[in-house]
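Peer 1: Here it is, the structure, as structure tokens.
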Amino acid sequence: MSSSETRPRTSKRNEPTKAEKLRARLAQPGPVLVAGAHHGLSGVLVERAGFDAIWASGFEISASFATPDANILTMGENVQVAEAIDRVTGIPVIADCDNGFGNAINIIRTVQAYERAGIAAICVEDNIFPKRCSFYAGVKRELESAEEFAGKIRAAKDAQRTEAFTVIARTEALIAGWGMEEALERGRAYAAAGADLVLIHSKSKKPDEVLGFAKAWKELATGVPLVCVPTIYKDSTAEQLHDAGFKVVIYANHALRASIKAMRTVLGNIAQAHKAAVADPDIVSLEEVYDLVGVDKMKREEEQFLPAGGERVNAIILAAGSAKAIGPVGEGKPKAMLDLKGKTILERQIATLNSLNVKDIAVVRGYEAGKINLPNLRYYENPEYETTGEAISLLKAAAELTHKKAGEGRTLVLYGDLLFDRSIVEKLMTADADVAVLVDRTFNESKATLVAERPKLDLVQLATAPNAGPRALSSEVLPSVKRIGQRLPHGEAHAEFVGIVMLTDKGARKLLEGYQRALEAGAGKAYHEASEPKRASMTDLLQALIDGGDHGLEVKAVETFKGWMEIDTFEDYQRAWAAVKG
Ligand code: SPV
Ligand code: MG
């Protein structure tokens with residue numbers, strides 16, 4: 001724990017609460033702009049749009065459950081949504097608590113629940129329980145007596161545990177048609193009972209009612225600020241309402257109504273066309289969703305908090321080559337796309353890698369690039385595949401080799417024409433080395449056949465000769481590679497390179513640094529066995545690293561005995577066909 005990076009960086013204890021933030025905003029000049037939300041995501045959108053606070057709207061929340069706004073949902077259901085909104089946003093949440101979900105006794109528990117959930121303010125209205133939404137026409141509408149409701153406000157203020165927690169009292173007197181005088185009298189009584197703000201609601205199409213209320217309110221000089229909800233009288237600006245005396249303006253249900261329209265359009269179009277693409281003009285990208293829900297933050301937290309052992313392994317498949325050499329079955333195809341009983345080599349490689357939890361896979365394409373188009377892969381191109389070697393292909397995917405945090409990831413690099421058992425890659429993945437190559441020791445036993453069959457073999461000489469006898473343990477100390485390449489005399493080789501390499505960040509950096517220098521140094525010079533740097537193969541890169549002296553790194557060998565094959569010829573293809581399942 002000596003490094004400062006391992007210690008928590010900041011203490012958050014002094015951050016103001018959301019209720020304090022709301023109080024601070026109320027104390028600033030200008031209208032406080034609030035918009036309705038009904039779940040975490042709509043809350044995030046309200047915040048991103050720049051509003052000062054979020055209205056956890058009873059109307060929206062009820063609608064999101066496809067129920068009327070009529071006290072059908074419980075207090076518990078409402079507070080859960082408000083809390084969910086609060087948890088994912090940084091601005092205060094003002095929760096619509098209808099009539100407090102009961103009488104003055106019920107409201108005590110309501111305040112406790114909302115305050116503990118981190119909600120900055122609640123709004124309670126003088127509708128009887130069960131309420132009816134202010135705008136529903138033709139429903140029975142009753143208000144509590146002013147006295148009873150003032151008792152509720154007193155109970156709410158008495159129940160709160162923190163000073164800044166804010167209680168808004170809302171009168172429905174104008175909605176119920178009980179007149180301006182009644183509305184003012186109720187507002188005054190609620191202010192006297194301790195309400196921090198008073199909300200006057202109106203369903204008039206013109207703002208005249210609320211403007212009249214605000215004018216008379218000033219004369220009452222209660223000192224309690226006003227709140228309005230311009231849903232039906234929608235032509236007034238927040239500034240106009242503010243000038244008339246309203247401190248808080250709530251746009252209560254617009255996000256919900258917008259989402260209904262958007263969903264209906266998109267669903268209707270898909271239902272008609274039976275094709276997902278018709279939705280494209282009306283939907284956001286998946287990336288936008290990731291952004292709204294905080295996927296990047298989650299990734300940062302993974303890096304910060306997950307144990308170092310939970311290393312991520314990604315893979316780069318070098319698949320630029322063509323399958324011409326295989327004969328007619330390979331005509332016009334990249335080698336990785338050769339079909340073996342209904343699955344291509346690439347599909348088989350991906351399935352095996354996936355089974356090892358390697359799901360982050362990039363492919364370097366070259367020959368007939370467009371024919372490699374499997375989903376969920378990242379692609380890089382080496383258009384000069386005919387005149388360049390694997391090293392250039394690897395360089396094209398260099399971005400894949402650096403992990404966000406050094407020491408916290410490894411990359412497998414493999415050829416696109418290999419079939420391999422899961423177990424041999426698993427062994428390589430756990431190797432304790434910055435650069436490890438998978439080598440097949442069977443070479444020693446089958447040298448004669450192999451050499452006769454193939455003009456080119458990637459051979460490996462180890463720094464110390466392996467124990468040749470039977471019944472030998474695999475050494476726990478990985479042997480170092482001394483030489484690797486095709487020009488290695490057969491008698492000096494101990495194993496064959498399988499074509500799979502595992503690199504840490506450090507290993508990858510060292511591997512590419514030297515190569516980049518060689519590329520810059522010019523085309524004329526040979527690069528190990530390659531006639532010039534751009535034609536370098538994977539083995540040339542590895543040998544350069546080994547030869548790097550002080551600046552180099554040891555290349556370690558992980559030994560296997562069979563469990564893989566490379567498809568180079570039609571005979572290979574036939575053998576592979578016989579070995580795999582459909
Ligand atoms: C709500 O959004 O639930 C409100 C405001 O209470 S209104 O629907 O206009 O009554
Ligand atoms: Mg409501």
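Ligands are numbered from 1 in the order shown, chains are lettered A, B, ... in the order of the structure tokens, and residues start at 1 in each chain.
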Distance limit 9 Å, reference ligand 1, atoms considered: only C-alpha atoms and all ligand atoms. Which residues make the cut? Give them as a PyMOL selection string.
Peer 2: chain A and resi 36-37+55-62+69+96-98+123+125+133-135+201-203+229-232+250-253
Peer 1: Store the residues picked out above in a file with C-alpha atoms, as an mmCIF file, in the first residue's frame.
Peer 2:
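What ended up in again_14.cif:
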data_model
loop_
_atom_site.group_PDB
_atom_site.id
_atom_site.type_symbol
_atom_site.label_atom_id
_atom_site.label_comp_id
_atom_site.auth_asym_id
_atom_site.auth_seq_id
_atom_site.Cartn_x
_atom_site.Cartn_y
_atom_site.Cartn_z
ATOM 1 C CA GLY A 36 -40.063 15.107 -15.221
ATOM 2 C CA ALA A 37 -38.556 11.631 -15.346
ATOM 3 C CA TRP A 55 -39.183 15.862 -11.058
ATOM 4 C CA ALA A 56 -39.892 12.221 -10.149
ATOM 5 C CA SER A 57 -43.341 12.620 -11.628
ATOM 6 C CA GLY A 58 -46.265 10.569 -10.313
ATOM 7 C CA PHE A 59 -47.907 10.922 -13.701
ATOM 8 C CA GLU A 60 -44.827 9.594 -15.535
ATOM 9 C CA ILE A 61 -44.058 6.834 -13.060
ATOM 10 C CA SER A 62 -47.682 5.609 -13.093
ATOM 11 C CA ASP A 69 -52.117 8.476 -12.036
ATOM 12 C CA ASP A 96 -43.991 13.974 -6.493
ATOM 13 C CA CYS A 97 -45.590 12.277 -3.488
ATOM 14 C CA ASP A 98 -49.228 12.856 -4.511
ATOM 15 C CA CYS A 123 -44.187 17.653 -3.119
ATOM 16 C CA GLU A 125 -50.924 17.880 -2.791
ATOM 17 C CA CYS A 133 -54.673 13.138 -11.837
ATOM 18 C CA SER A 134 -55.416 16.859 -12.084
ATOM 19 C CA PHE A 135 -56.170 16.605 -15.789
ATOM 20 C CA HIS A 201 -51.692 24.023 -10.134
ATOM 21 C CA SER A 202 -53.997 24.998 -12.966
ATOM 22 C CA LYS A 203 -55.513 23.330 -15.999
ATOM 23 C CA VAL A 229 -46.364 23.322 -13.778
ATOM 24 C CA PRO A 230 -47.037 24.829 -17.207
ATOM 25 C CA THR A 231 -48.447 21.743 -18.916
ATOM 26 C CA ILE A 232 -51.766 23.099 -20.217
ATOM 27 C CA ILE A 250 -41.667 22.110 -13.675
ATOM 28 C CA TYR A 251 -41.990 20.582 -17.158
ATOM 29 C CA ALA A 252 -43.714 17.584 -15.694
ATOM 30 C CA ASN A 253 -44.335 14.950 -18.339
#
Peer 1: Please identify all polymer residues within 12 Å of Pro207 of chain A, counting only C-alpha atoms, omitting same-chain residues fewer than 2 positions from it, and present them as a list in words.
Peer 2: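 Final neighbour list, sorted by chain and number: Ile200, His201, Ser202, Lys203, Ser204, Lys205, Glu209, Val210, Leu211, Gly212, Phe213, Ala214, Cys228, Val229, Pro230, Thr231, Ile232, Tyr233, Lys234, Asp235, Ser236, Thr237, Ala238, Gln240, Leu241, Ala244 and Phe246 of chain A.
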Peer 1: Which residue, A:Gly327, A:Gly294, A:Pro31, A:Gly268, has the smallest gap to Pro225 of chain A when you use only C-alpha atoms?
Peer 2: A:Pro31
Peer 1: Excluding Arg441 of chain A and any residue of its chain fewer than 2 positions from it, enumerate the residues within 9 Å of it, using only C-alpha atoms, and give them as a list in words.
Peer 2: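 Returned residues: Val439, Phe443, Asn444, Glu445, His494, Ala495, Glu496, Glu559, Thr560, Phe561 and Lys562 of chain A.
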Peer 1: Quick one: distance from atom CA of Ile316 of chain A to atom CA of Leu450 of chain A in Å, one decimal?
Peer 2: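 Interatomic distance here is 27.5 Å.
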